[in-house]
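Asker: What follows is entry.csv, made up of CSV, C-alpha atoms:
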chain,number,residue,atom,x,y,z
A,423,MET,CA,-112.8,-29.8,-108.3
A,424,ASP,CA,-116.3,-30.6,-106.9
A,425,ARG,CA,-118.7,-30.8,-109.8
A,426,ASP,CA,-121.3,-28.4,-108.2
A,427,LEU,CA,-118.5,-25.9,-107.4
A,428,ALA,CA,-117.2,-26.2,-111.0
A,429,ALA,CA,-120.7,-25.5,-112.3
A,430,ARG,CA,-121.1,-22.4,-110.1
A,431,ARG,CA,-117.7,-21.1,-111.0
A,432,GLN,CA,-118.5,-21.5,-114.7
A,433,LEU,CA,-121.6,-19.3,-114.3
A,434,HIS,CA,-119.4,-16.6,-112.9
A,435,THR,CA,-116.5,-17.0,-115.3
A,436,THR,CA,-115.1,-13.9,-117.0
A,437,ILE,CA,-112.6,-14.2,-119.9
A,438,PHE,CA,-110.6,-11.0,-119.7
A,439,ASP,CA,-108.3,-11.7,-122.6
A,440,HIS,CA,-107.2,-14.1,-125.3
A,441,CYS,CA,-104.6,-14.5,-128.0
A,442,TYR,CA,-103.5,-16.8,-130.8
A,443,SER,CA,-100.6,-19.2,-130.9
A,444,PRO,CA,-97.7,-18.4,-133.3
A,445,CYS,CA,-99.0,-20.9,-135.8
A,446,GLY,CA,-102.6,-19.5,-135.6
A,447,LYS,CA,-104.1,-22.9,-135.0
A,448,TYR,CA,-104.7,-22.4,-131.2
A,449,ILE,CA,-106.3,-19.8,-129.0
A,450,ALA,CA,-105.3,-19.2,-125.3
A,451,ALA,CA,-107.9,-17.6,-123.0
A,452,ALA,CA,-107.4,-16.3,-119.5
A,453,ASN,CA,-110.1,-16.0,-116.8
A,454,ASN,CA,-110.9,-14.4,-113.5
A,455,TYR,CA,-109.8,-17.6,-111.6
A,456,GLY,CA,-106.2,-17.5,-112.8
A,457,GLN,CA,-106.7,-20.3,-115.3
A,458,ILE,CA,-105.5,-20.4,-119.0
A,459,ALA,CA,-107.4,-22.6,-121.4
A,460,VAL,CA,-106.2,-23.6,-124.8
A,461,PHE,CA,-108.6,-24.3,-127.7
A,462,SER,CA,-107.9,-25.9,-131.1
A,463,LEU,CA,-109.1,-23.5,-133.7
A,464,SER,CA,-108.1,-25.7,-136.6
A,465,ALA,CA,-110.1,-28.7,-135.1
A,466,ALA,CA,-113.2,-26.5,-134.6
A,467,LEU,CA,-113.0,-25.2,-138.2
A,468,ALA,CA,-112.5,-28.6,-139.7
A,469,PRO,CA,-115.3,-30.2,-141.9
A,470,GLU,CA,-115.8,-32.9,-139.3
A,471,ALA,CA,-115.9,-30.5,-136.4
A,472,SER,CA,-118.5,-31.1,-133.7
A,473,GLU,CA,-119.5,-29.5,-130.4
A,474,ALA,CA,-116.7,-31.6,-128.7
A,475,THR,CA,-114.2,-29.5,-130.5
A,476,TRP,CA,-115.5,-26.4,-128.8
A,477,LYS,CA,-114.1,-27.5,-125.4
A,478,PRO,CA,-110.5,-26.8,-124.2
A,479,VAL,CA,-107.8,-29.2,-125.3
A,480,PHE,CA,-105.9,-28.2,-122.1
A,481,ILE,CA,-106.4,-26.0,-119.0
A,482,PHE,CA,-103.8,-25.1,-116.5
A,483,GLU,CA,-103.6,-23.0,-113.3
A,484,ALA,CA,-101.4,-20.0,-114.3
A,485,SER,CA,-101.8,-17.7,-111.4
A,486,GLU,CA,-102.0,-18.3,-107.7
A,487,ASP,CA,-102.8,-14.6,-107.2
A,488,GLY,CA,-106.2,-14.5,-108.8
A,489,ALA,CA,-107.4,-13.1,-112.1
A,490,ILE,CA,-105.4,-12.8,-115.3
A,491,PHE,CA,-106.3,-9.7,-117.2
A,492,THR,CA,-104.0,-9.8,-120.2
A,493,LEU,CA,-102.2,-12.2,-122.6
A,494,ALA,CA,-99.6,-11.8,-125.3
A,495,SER,CA,-97.7,-14.1,-127.6
A,496,THR,CA,-94.2,-14.1,-129.1
A,497,ASP,CA,-93.0,-16.6,-131.7
A,498,THR,CA,-92.2,-19.1,-128.8
A,499,LEU,CA,-93.8,-17.8,-125.6
A,500,LEU,CA,-97.2,-17.2,-124.1
A,501,ILE,CA,-97.1,-14.2,-121.6
A,502,SER,CA,-99.7,-13.4,-119.0
A,503,GLY,CA,-100.3,-10.5,-116.5
A,504,GLY,CA,-102.9,-9.8,-113.9
A,505,ASN,CA,-102.8,-9.9,-110.1
A,506,GLY,CA,-99.2,-10.9,-109.5
A,507,PRO,CA,-96.1,-11.0,-111.7
A,508,ILE,CA,-95.8,-11.2,-115.5
A,509,LYS,CA,-95.3,-14.9,-116.4
A,510,ALA,CA,-94.1,-16.7,-119.5
A,511,TRP,CA,-94.5,-20.3,-120.7
A,512,LYS,CA,-93.2,-21.9,-123.9
A,513,TRP,CA,-96.0,-22.6,-126.4
A,514,ALA,CA,-94.3,-26.0,-127.2
A,515,ASP,CA,-94.7,-27.0,-123.5
A,516,ILE,CA,-98.3,-25.8,-123.3
A,517,LEU,CA,-99.3,-27.7,-126.4
A,518,SER,CA,-97.6,-30.9,-125.1
A,519,LYS,CA,-99.7,-30.3,-121.9
A,520,SER,CA,-96.7,-29.9,-119.7
A,521,PRO,CA,-96.4,-26.1,-119.1
A,522,ARG,CA,-93.3,-25.0,-117.1
A,523,LEU,CA,-92.8,-21.4,-116.0
A,524,VAL,CA,-89.9,-20.0,-118.1
A,525,TRP,CA,-89.5,-16.7,-116.3
A,526,SER,CA,-91.4,-14.1,-114.3
A,527,LEU,CA,-91.1,-10.3,-114.0
A,528,ASN,CA,-92.2,-8.5,-110.8
A,529,ILE,CA,-93.7,-5.0,-110.9
A,530,PRO,CA,-91.7,-2.6,-108.7
A,531,LYS,CA,-93.5,-2.2,-105.4
A,532,LYS,CA,-94.0,1.2,-103.7
A,533,GLY,CA,-94.5,-0.4,-100.3
A,534,PRO,CA,-94.5,-3.8,-98.6
A,535,PHE,CA,-98.2,-4.4,-99.3
A,536,SER,CA,-98.5,-2.9,-102.7
A,537,GLN,CA,-98.9,-5.2,-105.7
A,538,PRO,CA,-100.3,-3.2,-108.6
A,539,GLU,CA,-102.4,-5.2,-111.1
A,540,ILE,CA,-101.3,-5.5,-114.7
A,541,ASN,CA,-104.1,-4.4,-117.0
A,542,SER,CA,-102.5,-4.7,-120.4
A,543,ILE,CA,-99.3,-6.2,-121.9
A,544,VAL,CA,-98.0,-5.2,-125.3
A,545,LEU,CA,-94.9,-6.6,-127.0
A,546,ASN,CA,-92.5,-4.5,-129.0
A,547,THR,CA,-90.5,-6.5,-131.6
A,548,GLU,CA,-89.9,-3.7,-134.1
A,549,GLU,CA,-86.5,-2.3,-135.0
A,550,ASP,CA,-84.8,-5.4,-133.7
A,551,LYS,CA,-86.2,-4.8,-130.2
A,552,SER,CA,-87.6,-7.4,-127.8
A,553,GLU,CA,-89.5,-5.6,-125.1
A,554,VAL,CA,-92.6,-6.1,-123.0
A,555,PHE,CA,-94.7,-3.1,-122.0
A,556,ALA,CA,-97.0,-3.4,-119.0
A,557,ALA,CA,-99.8,-1.0,-118.1
A,558,CYS,CA,-100.4,-1.1,-114.3
A,559,GLY,CA,-102.7,-0.1,-111.5
A,560,ASP,CA,-100.1,2.2,-109.9
A,561,ASN,CA,-100.5,4.6,-112.8
A,562,ASN,CA,-97.3,3.6,-114.5
A,563,ILE,CA,-96.1,1.8,-117.6
A,564,TYR,CA,-93.1,-0.4,-117.2
A,565,VAL,CA,-90.8,-1.7,-120.0
A,566,TRP,CA,-88.5,-4.7,-119.8
A,567,ASP,CA,-86.0,-6.1,-122.2
A,568,LEU,CA,-87.1,-9.7,-122.8
A,569,GLU,CA,-83.6,-11.0,-123.6
A,570,SER,CA,-82.0,-9.9,-120.3
A,571,GLY,CA,-85.1,-9.6,-118.1
A,572,GLN,CA,-84.0,-6.2,-117.0
A,573,GLN,CA,-86.4,-3.3,-116.5
A,574,LYS,CA,-85.4,-0.6,-118.9
A,575,ILE,CA,-87.7,2.4,-118.3
A,576,THR,CA,-90.8,3.6,-116.4
A,577,LEU,CA,-93.3,5.9,-118.1
A,578,SER,CA,-94.8,8.0,-115.4
A,579,GLY,CA,-97.3,10.8,-115.8
A,580,HIS,CA,-100.9,9.4,-115.5
A,581,ASP,CA,-102.9,10.3,-112.4
A,582,ASN,CA,-104.9,7.1,-112.3
A,583,TYR,CA,-104.4,3.5,-113.4
A,584,VAL,CA,-103.7,2.6,-117.0
A,585,HIS,CA,-106.1,0.4,-118.8
A,586,SER,CA,-104.7,0.0,-122.3
A,587,LEU,CA,-101.6,0.3,-124.4
A,588,ALA,CA,-100.6,0.5,-128.1
A,589,VAL,CA,-97.0,0.4,-129.3
A,590,LYS,CA,-95.8,1.2,-132.9
A,591,ASN,CA,-92.6,1.8,-134.8
A,592,GLY,CA,-90.4,0.6,-131.9
A,593,ASN,CA,-90.4,3.9,-130.0
A,594,THR,CA,-94.0,5.2,-129.9
A,595,CYS,CA,-96.4,4.2,-127.1
A,596,ALA,CA,-99.9,5.3,-126.5
A,597,SER,CA,-101.5,4.7,-123.1
A,598,ALA,CA,-105.2,5.1,-122.1
A,599,SER,CA,-106.0,5.8,-118.4
A,600,GLU,CA,-108.7,6.1,-115.9
A,601,ASP,CA,-107.6,9.8,-115.6
A,602,GLY,CA,-109.3,10.5,-118.9
A,603,THR,CA,-106.1,11.0,-121.0
A,604,VAL,CA,-104.3,9.2,-123.7
A,605,LYS,CA,-100.6,10.0,-123.4
A,606,ILE,CA,-98.2,9.6,-126.3
A,607,TRP,CA,-94.7,8.6,-125.3
A,608,ASP,CA,-91.3,8.5,-127.1
A,609,THR,CA,-89.5,5.7,-125.3
A,610,ARG,CA,-86.1,7.3,-126.3
A,611,SER,CA,-87.0,10.2,-124.1
A,612,PRO,CA,-89.2,8.6,-121.4
A,613,SER,CA,-89.1,11.3,-118.7
A,614,ASP,CA,-92.3,13.0,-120.0
A,615,ALA,CA,-95.1,12.2,-122.4
A,616,VAL,CA,-94.7,13.9,-125.8
A,617,HIS,CA,-98.4,14.6,-126.1
A,618,SER,CA,-101.6,14.2,-124.1
A,619,ILE,CA,-105.1,13.8,-125.6
A,620,GLU,CA,-108.2,14.6,-123.4
A,621,PRO,CA,-111.4,13.4,-125.1
A,622,TYR,CA,-113.6,14.3,-122.1
A,623,LYS,CA,-112.8,18.0,-122.8
A,624,ASN,CA,-114.0,17.8,-126.4
A,625,GLU,CA,-117.7,18.8,-126.7
A,626,LEU,CA,-118.4,16.1,-129.3
A,627,CYS,CA,-116.8,13.3,-127.3
A,628,ALA,CA,-117.7,14.2,-123.7
A,629,ARG,CA,-120.4,12.1,-121.9
A,630,PRO,CA,-120.2,13.3,-118.3
A,631,LYS,CA,-122.8,10.7,-117.1
A,632,PHE,CA,-120.3,7.9,-118.1
A,633,GLY,CA,-117.2,9.7,-116.7
A,634,LYS,CA,-114.0,10.7,-118.3
A,635,TRP,CA,-112.1,7.3,-118.0
A,636,LEU,CA,-110.6,5.7,-121.1
A,637,GLY,CA,-110.6,1.9,-121.4
A,638,CYS,CA,-109.1,1.3,-124.9
A,639,VAL,CA,-106.7,2.7,-127.4
A,640,ALA,CA,-105.2,1.6,-130.8
A,641,MET,CA,-102.9,3.1,-133.4
A,642,ASP,CA,-103.0,2.3,-137.1
A,643,THR,CA,-99.9,1.0,-138.9
A,644,THR,CA,-99.0,4.4,-140.3
A,645,ASP,CA,-98.9,6.0,-136.8
A,646,ASP,CA,-101.1,8.9,-138.3
A,647,TRP,CA,-104.3,7.8,-136.5
A,648,LEU,CA,-105.3,6.8,-133.0
A,649,VAL,CA,-108.7,5.7,-131.8
A,650,CYS,CA,-109.8,5.6,-128.2
A,651,GLY,CA,-112.9,5.3,-126.1
A,652,GLY,CA,-114.4,4.7,-122.7
A,653,GLY,CA,-116.6,7.1,-120.8
A,654,PRO,CA,-116.3,9.6,-123.7
A,655,SER,CA,-117.5,8.5,-127.1
A,656,LEU,CA,-115.2,6.4,-129.2
A,657,SER,CA,-113.2,8.9,-131.3
A,658,LEU,CA,-110.6,9.0,-134.1
A,659,TRP,CA,-107.7,11.4,-133.7
A,660,HIS,CA,-105.2,12.6,-136.2
A,661,LEU,CA,-101.9,12.3,-134.4
A,662,ARG,CA,-99.9,15.0,-136.2
A,663,SER,CA,-102.5,17.7,-135.5
A,664,LEU,CA,-103.9,16.1,-132.3
A,665,THR,CA,-107.4,16.8,-133.5
A,666,ALA,CA,-110.5,14.6,-133.3
A,667,THR,CA,-111.8,13.9,-136.8
A,668,THR,CA,-114.5,11.4,-136.2
A,669,MET,CA,-116.9,10.5,-133.3
A,670,PHE,CA,-118.6,7.1,-133.3
A,671,ASP,CA,-122.2,6.9,-132.1
A,672,THR,CA,-122.4,4.4,-129.3
A,673,PRO,CA,-125.3,5.7,-127.2
A,674,GLY,CA,-125.6,4.0,-123.8
A,675,ALA,CA,-122.4,1.9,-124.4
A,676,CYS,CA,-118.9,2.5,-123.2
A,677,GLN,CA,-116.3,1.0,-125.6
A,678,GLN,CA,-113.7,-1.2,-123.8
A,679,CYS,CA,-111.7,-2.7,-126.7
A,680,VAL,CA,-110.9,-1.4,-130.2
A,681,MET,CA,-108.8,-2.4,-133.1
A,682,PHE,CA,-108.0,-1.3,-136.7
A,683,HIS,CA,-108.6,-3.9,-139.4
A,684,ASP,CA,-108.0,-3.1,-143.0
A,685,ASP,CA,-110.2,0.0,-143.8
A,686,SER,CA,-112.4,-0.5,-140.7
A,687,ILE,CA,-112.4,0.1,-137.0
A,688,ILE,CA,-113.9,-2.7,-134.8
A,689,SER,CA,-115.0,-2.0,-131.3
A,690,ALA,CA,-117.0,-3.5,-128.4
A,691,GLY,CA,-117.8,-2.7,-124.8
A,692,SER,CA,-120.6,-2.6,-122.3
A,693,LYS,CA,-123.3,-3.9,-124.6
A,694,GLY,CA,-123.4,-7.4,-126.2
A,695,TYR,CA,-122.5,-6.2,-129.7
A,696,ILE,CA,-119.4,-5.9,-131.9
A,697,ASN,CA,-119.4,-2.7,-133.9
A,698,HIS,CA,-117.8,-2.4,-137.3
A,699,TRP,CA,-117.1,1.2,-138.4
A,700,SER,CA,-115.8,3.1,-141.4
A,701,VAL,CA,-113.2,5.7,-140.5
A,702,ASN,CA,-115.7,8.4,-141.3
A,703,GLY,CA,-118.0,7.2,-138.5
A,704,GLU,CA,-120.5,5.1,-140.5
A,705,GLN,CA,-121.6,2.0,-138.6
A,706,ARG,CA,-121.3,-0.9,-141.1
A,707,MET,CA,-122.4,-3.6,-138.8
A,708,GLU,CA,-123.7,-4.3,-135.3
A,709,VAL,CA,-123.1,-8.0,-134.6
A,710,PRO,CA,-124.6,-9.7,-131.5
A,711,CYS,CA,-122.2,-11.7,-129.3
A,712,THR,CA,-122.5,-13.8,-126.2
A,713,PRO,CA,-121.0,-11.6,-123.5
A,714,SER,CA,-123.0,-8.6,-122.5
A,715,SER,CA,-119.8,-6.8,-121.7
A,716,VAL,CA,-116.9,-7.4,-124.1
A,717,PHE,CA,-113.3,-7.0,-122.8
A,718,SER,CA,-111.2,-8.3,-125.7
A,719,LEU,CA,-111.2,-8.5,-129.5
A,720,SER,CA,-108.6,-10.2,-131.7
A,721,TYR,CA,-108.1,-11.1,-135.3
A,722,ASN,CA,-106.1,-14.2,-136.3
A,723,SER,CA,-103.7,-13.2,-139.1
A,724,ALA,CA,-101.2,-16.0,-138.3
A,725,SER,CA,-102.9,-18.8,-140.3
A,726,ASN,CA,-104.3,-18.5,-143.8
A,727,ASN,CA,-106.8,-21.3,-143.0
A,728,CYS,CA,-108.0,-19.9,-139.7
A,729,LYS,CA,-108.6,-16.2,-140.3
A,730,VAL,CA,-111.3,-15.4,-137.8
A,731,LEU,CA,-112.4,-12.6,-135.5
A,732,SER,CA,-112.8,-13.5,-131.8
A,733,ALA,CA,-114.3,-11.9,-128.7
A,734,THR,CA,-114.5,-12.5,-125.0
A,735,GLY,CA,-116.0,-10.9,-121.9
A,736,ASN,CA,-118.2,-11.6,-118.9
A,737,SER,CA,-119.0,-15.1,-120.1
A,738,SER,CA,-117.4,-18.5,-120.1
A,739,LYS,CA,-117.7,-18.5,-123.9
A,740,LEU,CA,-115.2,-17.3,-126.5
A,741,ASP,CA,-117.1,-16.3,-129.6
A,742,ILE,CA,-115.7,-17.0,-133.1
A,743,PHE,CA,-116.7,-15.1,-136.2
A,744,THR,CA,-115.6,-16.7,-139.5
A,745,ASN,CA,-117.8,-14.2,-141.4
A,746,PHE,CA,-117.7,-10.9,-139.5
A,747,GLY,CA,-121.4,-10.5,-139.9
A,748,TYR,CA,-122.4,-13.3,-137.5
A,749,LYS,CA,-121.1,-15.6,-134.8
A,750,ALA,CA,-120.2,-19.0,-136.1
A,751,PHE,CA,-119.7,-20.8,-132.8
A,752,SER,CA,-118.4,-20.4,-129.3
A,753,PHE,CA,-115.6,-22.1,-127.4
A,754,ILE,CA,-116.5,-23.0,-123.8
A,755,PHE,CA,-114.2,-22.3,-120.9
A,756,THR,CA,-115.2,-25.3,-118.8
A,757,GLN,CA,-114.0,-25.6,-115.2
A,758,VAL,CA,-111.6,-28.3,-114.0
Once more with this new file: its structure as structure tokens, please.

Answerer:
Amino acid sequence: MDRDLAARRQLHTTIFDHCYSPCGKYIAAANNYGQIAVFSLSAALAPEASEATWKPVFIFEASEDGAIFTLASTDTLLISGGNGPIKAWKWADILSKSPRLVWSLNIPKKGPFSQPEINSIVLNTEEDKSEVFAACGDNNIYVWDLESGQQKITLSGHDNYVHSLAVKNGNTCASASEDGTVKIWDTRSPSDAVHSIEPYKNELCARPKFGKWLGCVAMDTTDDWLVCGGGPSLSLWHLRSLTATTMFDTPGACQQCVMFHDDSIISAGSKGYINHWSVNGEQRMEVPCTPSSVFSLSYNSASNNCKVLSATGNSSKLDIFTNFGYKAFSFIFTQV
């Protein structure tokens, strides 16, 4: 690539998502140009680390259809989704710098010119299952069996495209949509959602000036609690009673990613901060980060020596937090 063009593209790079390798020593990040970059976390955390270790060890063109919005990892595969089909590569091939497409899955088309984008991919490996869930721009969630490659079910019921998914206990799926609802699904009875939560109708959550859309959802390990946010304020819901128990004060910011971590909830969105909350709504920390709009958060639990929090967004930098209270350094998604 021409050096000037590469420099201009880097200025406009957005890293929509990232995930860790099965060993926890590497991070894969996907951008708006259809590229995937791999960084060595273990090298960047080593005592002899330098700025050279903040650059990718490998970059490859993963999508000819444009942006990649979501990444997920199995014990052996890196899986991507965005504009175009879901694709999978072996981690072993990627780390040897010779990625070969293992398989691809196509979203069902409603017409000859329709190709819905894939906004979120979540893997389900509980209860001896091996499934991939995909939240799509045609308002549906599709589920495939990874062993056979066959589509198993379609979860239909949203009135607008689906931004985010969470899957727990093998059969429970939560989906957050532009239509302002979080729907709870039992995949054993996929014809209709079991429950629907509408934060924009709750007086404490509603923020009409930001709209009713929901951009993020997460469930805790017990399946008793769900957190979601977007236009409405970030809020914590008790799933058994379907009541909102806590509202998190994020004035002027729409939360676009959220996760449970130990006894905390961590979120980020349309301001350049990562928020750490107690479940009762107390803000424990507001930590500055590089992107002014954050699209993905992840915690590396796969390696005891590389336990870090990471964040990406509308920037070519991937922030690493070794201590949750401050940014330690940033990987740089350079252009090739």

Asker: Would you mind reading off the distance between atom CA of Leu636 of chain A and atom CA of Thr672 of chain A, one decimal, in Å?

Answerer: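 Interatomic distance, atom CA of Leu636 of chain A to atom CA of Thr672 of chain A: 14.4 Å.
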
Asker: Do you know which residues are at most 8 Å from Trp699 of chain A counting only C-alpha atoms, after dropping those on the same chain fewer than 2 positions away, and could you put them as number ranges by chain?

Answerer: A: 670, 686-688, 697, 701-707

Asker: Do you have the atom CA of Ser526 of chain A-atom CA of Ile508 of chain A distance handy?

Answerer: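 Spanning atom CA of Ser526 of chain A to atom CA of Ile508 of chain A is a straight-line distance of 5.4 Å.
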
Asker: Atom CA of Trp635 of chain A and atom CA of Asp601 of chain A, how far apart in Å?

Answerer: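 According to the coordinates, atom CA of Asp601 of chain A and atom CA of Trp635 of chain A are separated by 5.7 Å.
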
Asker: So which residues touch Gln432 of chain A within 9 Å, counting only C-alpha atoms, skipping near sequence neighbours fewer than 5 positions away, as a PyMOL selection string?

Answerer: chain A and resi 427+737-738+755-757

Asker: With only C-alpha atoms as the atoms that count, which of A:Gly504, A:Trp566, A:Val479, A:Asn454 lies nearest to Ala466 of chain A?

Answerer: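 Under the stated criterion, the closest residue is A:Val479.
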
Asker: Let me make sure I understand: among A:Asp741, A:Glu539, A:Asp424, A:Glu569, which one has the smallest atom-to-atom distance to His440 of chain A if we use all atoms listed in the file?

Answerer: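 Closest residue, counting all atoms listed in the file: A:Asp741.
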
Asker: Nearest residue to Ala459 of chain A out of A:Ser714, A:Ile516, A:Arg430, A:Gly488, using all atoms listed in the file?

Answerer: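 Closest to Ala459 of chain A, using all atoms listed in the file: A:Ile516.
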
Asker: Because some atoms of segment 735-744 of chain A are absent here, can you restore all heavy atoms and send them as an mmCIF file, in the frame of the given file?

Answerer:
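What landed in result.cif:
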data_model
loop_
_atom_site.group_PDB
_atom_site.id
_atom_site.type_symbol
_atom_site.label_atom_id
_atom_site.label_comp_id
_atom_site.auth_asym_id
_atom_site.auth_seq_id
_atom_site.Cartn_x
_atom_site.Cartn_y
_atom_site.Cartn_z
ATOM 1 N N GLY A 735 -115.539 -11.836 -122.917
ATOM 2 C CA GLY A 735 -116.000 -10.900 -121.900
ATOM 3 C C GLY A 735 -116.552 -11.555 -120.705
ATOM 4 O O GLY A 735 -115.998 -12.546 -120.242
ATOM 5 N N ASN A 736 -117.681 -11.038 -120.188
ATOM 6 C CA ASN A 736 -118.200 -11.600 -118.900
ATOM 7 C C ASN A 736 -119.064 -12.823 -119.198
ATOM 8 O O ASN A 736 -120.256 -12.888 -118.909
ATOM 9 C CB ASN A 736 -119.065 -10.497 -118.227
ATOM 10 C CG ASN A 736 -120.262 -10.038 -119.045
ATOM 11 O OD1 ASN A 736 -120.326 -10.255 -120.252
ATOM 12 N ND2 ASN A 736 -121.222 -9.410 -118.379
ATOM 13 N N SER A 737 -118.395 -13.826 -119.718
ATOM 14 C CA SER A 737 -119.000 -15.100 -120.100
ATOM 15 C C SER A 737 -117.946 -16.150 -120.120
ATOM 16 O O SER A 737 -116.765 -15.848 -120.289
ATOM 17 C CB SER A 737 -119.733 -14.978 -121.434
ATOM 18 O OG SER A 737 -120.111 -16.247 -121.924
ATOM 19 N N SER A 738 -118.356 -17.409 -119.983
ATOM 20 C CA SER A 738 -117.400 -18.500 -120.100
ATOM 21 C C SER A 738 -117.233 -18.923 -121.578
ATOM 22 O O SER A 738 -116.541 -19.897 -121.873
ATOM 23 C CB SER A 738 -117.889 -19.725 -119.310
ATOM 24 O OG SER A 738 -119.149 -20.179 -119.786
ATOM 25 N N LYS A 739 -117.831 -18.173 -122.503
ATOM 26 C CA LYS A 739 -117.700 -18.500 -123.900
ATOM 27 C C LYS A 739 -116.848 -17.526 -124.670
ATOM 28 O O LYS A 739 -116.846 -16.321 -124.391
ATOM 29 C CB LYS A 739 -119.141 -18.532 -124.548
ATOM 30 C CG LYS A 739 -120.016 -19.655 -124.011
ATOM 31 C CD LYS A 739 -121.345 -19.738 -124.720
ATOM 32 C CE LYS A 739 -122.167 -20.918 -124.226
ATOM 33 N NZ LYS A 739 -123.461 -21.034 -124.938
ATOM 34 N N LEU A 740 -116.107 -18.070 -125.612
ATOM 35 C CA LEU A 740 -115.200 -17.300 -126.500
ATOM 36 C C LEU A 740 -115.826 -17.388 -127.890
ATOM 37 O O LEU A 740 -115.842 -18.444 -128.504
ATOM 38 C CB LEU A 740 -113.805 -17.893 -126.441
ATOM 39 C CG LEU A 740 -112.653 -17.146 -127.094
ATOM 40 C CD1 LEU A 740 -111.320 -17.681 -126.555
ATOM 41 C CD2 LEU A 740 -112.651 -17.248 -128.610
ATOM 42 N N ASP A 741 -116.346 -16.274 -128.376
ATOM 43 C CA ASP A 741 -117.100 -16.300 -129.600
ATOM 44 C C ASP A 741 -116.115 -16.212 -130.833
ATOM 45 O O ASP A 741 -115.121 -15.462 -130.827
ATOM 46 C CB ASP A 741 -117.999 -15.049 -129.713
ATOM 47 C CG ASP A 741 -119.222 -15.193 -128.831
ATOM 48 O OD1 ASP A 741 -119.439 -16.290 -128.286
ATOM 49 O OD2 ASP A 741 -119.965 -14.196 -128.693
ATOM 50 N N ILE A 742 -116.451 -16.980 -131.860
ATOM 51 C CA ILE A 742 -115.700 -17.000 -133.100
ATOM 52 C C ILE A 742 -116.540 -16.552 -134.257
ATOM 53 O O ILE A 742 -117.666 -17.031 -134.442
ATOM 54 C CB ILE A 742 -115.143 -18.442 -133.373
ATOM 55 C CG1 ILE A 742 -114.229 -18.908 -132.241
ATOM 56 C CG2 ILE A 742 -114.404 -18.490 -134.716
ATOM 57 C CD1 ILE A 742 -112.954 -18.106 -132.086
ATOM 58 N N PHE A 743 -116.004 -15.632 -135.054
ATOM 59 C CA PHE A 743 -116.700 -15.100 -136.200
ATOM 60 C C PHE A 743 -115.879 -15.400 -137.454
ATOM 61 O O PHE A 743 -114.842 -14.773 -137.695
ATOM 62 C CB PHE A 743 -116.878 -13.577 -136.071
ATOM 63 C CG PHE A 743 -117.633 -13.160 -134.829
ATOM 64 C CD1 PHE A 743 -116.983 -13.071 -133.606
ATOM 65 C CD2 PHE A 743 -118.984 -12.866 -134.892
ATOM 66 C CE1 PHE A 743 -117.670 -12.693 -132.459
ATOM 67 C CE2 PHE A 743 -119.679 -12.489 -133.750
ATOM 68 C CZ PHE A 743 -119.025 -12.408 -132.528
ATOM 69 N N THR A 744 -116.315 -16.395 -138.208
ATOM 70 C CA THR A 744 -115.600 -16.700 -139.500
ATOM 71 C C THR A 744 -116.013 -15.723 -140.543
ATOM 72 O O THR A 744 -115.205 -15.340 -141.379
ATOM 73 C CB THR A 744 -115.962 -18.139 -139.914
ATOM 74 O OG1 THR A 744 -117.388 -18.289 -139.955
ATOM 75 C CG2 THR A 744 -115.386 -19.161 -138.941
#
